[in-house]
$ cat structure.cif   # mmCIF, C-alpha atoms and all ligand atoms
data_input
#
loop_
_atom_site.label_atom_id
_atom_site.label_comp_id
_atom_site.auth_asym_id
_atom_site.auth_seq_id
_atom_site.Cartn_x
_atom_site.Cartn_y
_atom_site.Cartn_z
CA MET A 1 93.81 43.73 78.68
CA ARG A 2 90.88 41.32 78.52
CA ILE A 3 91.07 38.76 81.30
CA ALA A 4 88.92 35.70 82.02
CA VAL A 5 88.41 34.92 85.70
CA ALA A 6 87.07 31.67 87.11
CA SER A 7 86.76 29.90 90.41
CA ASP A 8 85.03 27.09 92.17
CA HIS A 9 83.21 27.64 95.47
CA GLY A 10 86.49 27.57 97.40
CA GLY A 11 87.87 30.40 95.32
CA TYR A 12 84.69 32.41 94.86
CA GLU A 13 85.39 35.16 97.38
CA LEU A 14 88.95 35.75 96.17
CA LYS A 15 87.83 35.63 92.52
CA GLU A 16 85.29 38.38 93.22
CA LYS A 17 87.96 40.53 94.88
CA ILE A 18 90.37 39.97 91.99
CA LYS A 19 87.65 40.83 89.48
CA GLN A 20 86.95 44.16 91.19
CA HIS A 21 90.67 44.88 91.43
CA LEU A 22 91.22 44.20 87.72
CA ILE A 23 88.25 46.36 86.72
CA GLY A 24 89.59 49.13 88.95
CA CYS A 25 92.91 48.88 87.08
CA GLY A 26 91.11 49.37 83.77
CA HIS A 27 91.06 45.79 82.50
CA ASP A 28 88.10 44.14 80.78
CA VAL A 29 87.04 41.12 82.80
CA ILE A 30 85.02 38.15 81.60
CA ASP A 31 83.77 36.20 84.61
CA VAL A 32 82.91 32.62 83.64
CA GLY A 33 81.79 31.71 87.17
CA THR A 34 81.10 30.29 89.61
CA ASP A 35 78.71 32.83 91.07
CA SER A 36 78.31 31.64 94.67
CA THR A 37 79.88 29.55 97.43
CA SER A 38 77.70 26.54 96.57
CA SER A 39 79.80 23.48 95.83
CA VAL A 40 80.78 23.04 92.18
CA SER A 41 83.53 21.31 90.20
CA TYR A 42 86.60 23.42 89.48
CA VAL A 43 86.99 21.43 86.26
CA ASP A 44 84.00 23.11 84.57
CA TYR A 45 85.07 26.65 85.39
CA GLY A 46 88.78 26.22 84.74
CA HIS A 47 87.92 24.70 81.36
CA ARG A 48 85.61 27.60 80.42
CA ALA A 49 88.27 30.20 81.24
CA CYS A 50 90.98 28.39 79.28
CA GLU A 51 88.64 28.17 76.30
CA LYS A 52 88.33 31.97 76.43
CA VAL A 53 92.11 32.26 76.13
CA ASN A 54 92.38 29.65 73.41
CA ASP A 55 89.57 31.10 71.27
CA GLY A 56 91.20 34.54 71.47
CA SER A 57 88.42 36.30 73.35
CA CYS A 58 90.75 36.81 76.35
CA GLU A 59 94.49 37.35 76.44
CA ARG A 60 94.95 35.81 79.88
CA ALA A 61 93.02 34.08 82.64
CA ILE A 62 93.16 33.99 86.41
CA LEU A 63 91.83 30.85 88.09
CA VAL A 64 91.14 30.34 91.79
CA CYS A 65 90.24 27.24 93.77
CA GLY A 66 90.98 26.21 97.35
CA THR A 67 94.59 25.23 96.84
CA GLY A 68 95.02 26.18 93.18
CA ILE A 69 96.13 22.63 92.46
CA GLY A 70 92.96 21.37 90.78
CA MET A 71 92.65 24.45 88.60
CA SER A 72 96.30 24.24 87.54
CA VAL A 73 95.95 20.56 86.59
CA VAL A 74 92.86 21.35 84.50
CA ALA A 75 94.38 24.41 82.84
CA ASN A 76 97.59 22.69 81.81
CA LYS A 77 95.61 19.98 79.97
CA HIS A 78 94.78 22.65 77.36
CA LYS A 79 97.08 23.00 74.39
CA GLY A 80 98.66 26.45 74.37
CA ILE A 81 97.88 27.16 78.00
CA ARG A 82 100.82 27.83 80.28
CA ALA A 83 99.26 27.99 83.72
CA ALA A 84 101.37 28.91 86.74
CA LEU A 85 100.26 28.11 90.28
CA CYS A 86 101.97 30.84 92.29
CA THR A 87 102.25 31.27 96.04
CA ASN A 88 104.58 34.26 96.12
CA ALA A 89 105.54 37.33 94.12
CA PHE A 90 108.82 35.84 92.88
CA MET A 91 106.95 32.91 91.32
CA ALA A 92 104.47 35.28 89.66
CA GLU A 93 107.34 37.35 88.26
CA MET A 94 109.19 34.31 86.92
CA ALA A 95 105.98 32.82 85.54
CA ARG A 96 105.80 35.80 83.22
CA ARG A 97 109.49 36.45 82.54
CA HIS A 98 110.60 32.86 81.99
CA ASN A 99 107.44 30.88 81.23
CA ASN A 100 105.30 33.51 79.48
CA ALA A 101 102.42 32.19 81.58
CA ASN A 102 99.05 33.11 80.13
CA VAL A 103 97.12 31.79 83.12
CA LEU A 104 97.73 32.61 86.79
CA VAL A 105 96.37 30.14 89.33
CA LEU A 106 95.88 31.04 92.99
CA GLY A 107 94.84 29.10 96.07
CA ALA A 108 92.26 30.98 98.09
CA ARG A 109 92.91 28.80 101.13
CA VAL A 110 96.65 29.42 100.81
CA LEU A 111 96.92 33.17 100.25
CA ALA A 112 95.55 36.18 102.11
CA ILE A 113 93.49 38.38 99.80
CA PRO A 114 95.84 41.42 99.92
CA TYR A 115 98.84 39.26 99.05
CA ALA A 116 96.95 37.47 96.26
CA THR A 117 96.20 40.90 94.79
CA ILE A 118 99.92 41.69 94.73
CA LEU A 119 100.54 38.47 92.77
CA VAL A 120 97.85 39.53 90.29
CA ASP A 121 99.56 42.90 89.80
CA VAL A 122 102.93 41.22 89.22
CA PHE A 123 101.39 38.77 86.75
CA MET A 124 99.69 41.59 84.87
CA SER A 125 102.76 43.82 84.64
CA GLU A 126 105.83 41.66 84.11
CA PRO A 127 106.99 41.10 80.51
CA PHE A 128 108.25 37.88 78.93
CA ASP A 129 112.05 37.82 78.60
CA GLY A 130 112.06 35.77 75.37
CA GLY A 131 115.44 34.49 74.14
CA ARG A 132 116.38 31.10 75.55
CA HIS A 133 113.03 30.97 77.33
CA GLN A 134 111.19 31.15 74.00
CA GLU A 135 113.20 28.15 72.78
CA ARG A 136 111.92 26.17 75.75
CA LEU A 137 108.34 27.22 75.11
CA ASP A 138 108.77 26.17 71.47
CA GLN A 139 109.95 22.80 72.78
CA ILE A 140 106.80 22.50 74.89
CA ALA A 141 104.65 23.42 71.86
CA ARG A 142 106.32 20.67 69.79
CA MET A 143 105.70 18.22 72.62
CA GLU A 144 102.02 19.23 72.68
CA ASP A 145 101.77 18.71 68.92
CA GLU A 146 103.25 15.21 69.22
CA ALA A 147 100.94 14.34 72.11
CA CYS A 148 97.91 15.42 70.06
CA GLU A 149 98.83 13.37 66.95
C1 LIG B 201 87.18 22.21 96.88
O1 LIG B 201 86.85 21.78 98.16
C2 LIG B 201 88.67 21.99 96.63
O2 LIG B 201 88.93 20.65 96.43
C3 LIG B 201 89.11 22.80 95.43
O3 LIG B 201 88.81 24.14 95.64
C4 LIG B 201 90.58 22.76 95.09
O4 LIG B 201 91.37 23.04 96.21
C5 LIG B 201 91.04 21.57 94.37
O5 LIG B 201 92.20 21.46 93.97
#
$ encode --input "structure.cif" --output "structure tokens" --more "lines below"
Ligand code: RB5
Amino acid sequence: MRIAVASDHGGYELKEKIKQHLIGCGHDVIDVGTDSTSSVSYVDYGHRACEKVNDGSCERAILVCGTGIGMSVVANKHKGIRAALCTNAFMAEMARRHNNANVLVLGARVLAIPYATILVDVFMSEPFDGGRHQERLDQIARMEDEACE
């Protein structure tokens, strides 16, 4: 799968680890930055990654900032993005099975790197259950259309 990864300075180290992990699992990774621990705005990088999903060049994205909160706020401003800020494996599983999340958001100051990697694996492997959950996603899509009119 082709995955966009992005972080601010607070998430840089974890983003680098996730990138290497994804490559090691055979995924194609597009890293939209940041490329150091120098202070930057998470808004710029979260936006770039979501654009990669929305223009079709990536199927999913993984975003990392200090808490994950800023990145999740930014990501969910994008039409068609369903970003899930997850702090445990159950949330990552449900984000895929019930919400068909196309963006995983992690807090680097919240999660230890080995555990964050487990959440990435769950996000990458769990399917969407469809059914009644698709009806709810359709409802969200209609709401987005109305909001954009
Ligand atoms: C950066 O210090 C921090 O505010 C950012 O990484 C993130 O936690 C924001 O939500």
$ residues_near_ligand --input "structure.cif" --ligand "ligand LIG 201 (chain B)" --cutoff "6 Å" --atoms "all atoms listed in the file" --output "PyMOL selection string"
chain A and resi 8+10+65-70
$ residues_around --input "structure.cif" --residues "stretch 34-42 of chain A" --least-positions-apart "3" --cutoff "9 Å" --atoms "all atoms listed in the file" --output "list in words"
Ala6, Ser7, Asp8, His9, Gly10, Gly11, Tyr12, Glu13, Glu16, Asp31, Tyr45, Gly46, His47, Val64, Cys65, Gly70, Met71 and Val74 of chain A
$ closest_residue --input "structure.cif" --among "A:Ser57, A:Ser72, A:Gln20, A:Thr117" --to "A:Leu104" --atoms "only C-alpha atoms"
A:Ser72
$ closest_residue --input "structure.cif" --among "A:Val29, A:Val53, A:Leu14, A:Leu22" --to "A:Lys79" --atoms "only C-alpha atoms"
A:Val53
$ residues_near_point --input "structure.cif" --point "(99.0, 38.3, 91.9)" --cutoff "9 Å" --atoms "only C-alpha atoms" --output "PyMOL selection string"
chain A and resi 18+86-89+92+104-106+115-124
$ residues_around --input "structure.cif" --residues "A:Ala83" --least-positions-apart "6" --cutoff "10 Å" --atoms "only C-alpha atoms" --output "PDB file with C-alpha atoms, keeping the file's coordinate frame"
ATOM      1  CA  CYS A  50      90.980  28.390  79.280  1.00  0.00           C
ATOM      2  CA  ARG A  60      94.950  35.810  79.880  1.00  0.00           C
ATOM      3  CA  ALA A  61      93.020  34.080  82.640  1.00  0.00           C
ATOM      4  CA  ILE A  62      93.160  33.990  86.410  1.00  0.00           C
ATOM      5  CA  LEU A  63      91.830  30.850  88.090  1.00  0.00           C
ATOM      6  CA  MET A  71      92.650  24.450  88.600  1.00  0.00           C
ATOM      7  CA  SER A  72      96.300  24.240  87.540  1.00  0.00           C
ATOM      8  CA  VAL A  73      95.950  20.560  86.590  1.00  0.00           C
ATOM      9  CA  VAL A  74      92.860  21.350  84.500  1.00  0.00           C
ATOM     10  CA  ALA A  75      94.380  24.410  82.840  1.00  0.00           C
ATOM     11  CA  ASN A  76      97.590  22.690  81.810  1.00  0.00           C
ATOM     12  CA  LYS A  77      95.610  19.980  79.970  1.00  0.00           C
ATOM     13  CA  ALA A  95     105.980  32.820  85.540  1.00  0.00           C
ATOM     14  CA  ASN A  99     107.440  30.880  81.230  1.00  0.00           C
ATOM     15  CA  ASN A 100     105.300  33.510  79.480  1.00  0.00           C
ATOM     16  CA  ALA A 101     102.420  32.190  81.580  1.00  0.00           C
ATOM     17  CA  ASN A 102      99.050  33.110  80.130  1.00  0.00           C
ATOM     18  CA  VAL A 103      97.120  31.790  83.120  1.00  0.00           C
ATOM     19  CA  LEU A 104      97.730  32.610  86.790  1.00  0.00           C
ATOM     20  CA  VAL A 105      96.370  30.140  89.330  1.00  0.00           C
TER      21      VAL A 105
END
$ closest_residue --input "structure.cif" --among "A:Arg132, A:Lys17, A:His78, A:Lys52" --to "A:Cys148" --atoms "all atoms listed in the file"
A:His78
$ atom_distance --input "structure.cif" --atom1 "atom CA of A:Arg109" --atom2 "atom CA of A:Ile30"
23.0 Å
$ residues_around --input "structure.cif" --residues "A:Asp145" --least-positions-apart "5" --cutoff "10 Å" --atoms "all atoms listed in the file" --output "ChimeraX atom specification"
/A:79-80,139-140
$ atom_distance --input "structure.cif" --atom1 "atom CA of A:Asp55" --atom2 "atom CA of A:Ile81"
11.4 Å
$ closest_residue --input "structure.cif" --among "A:Glu126, A:Gly26, A:Leu85, A:Met91" --to "A:Ala108" --atoms "all atoms listed in the file"
A:Leu85
$ atom_distance --input "structure.cif" --atom1 "atom CA of A:His27" --atom2 "atom CA of A:Ser125"
12.1 Å
$ residues_around --input "structure.cif" --residues "A:Asp28" --least-positions-apart "4" --cutoff "8 Å" --atoms "only C-alpha atoms" --output "list in words"
Met1, Arg2, Ile3, Leu22 and Ile23 of chain A
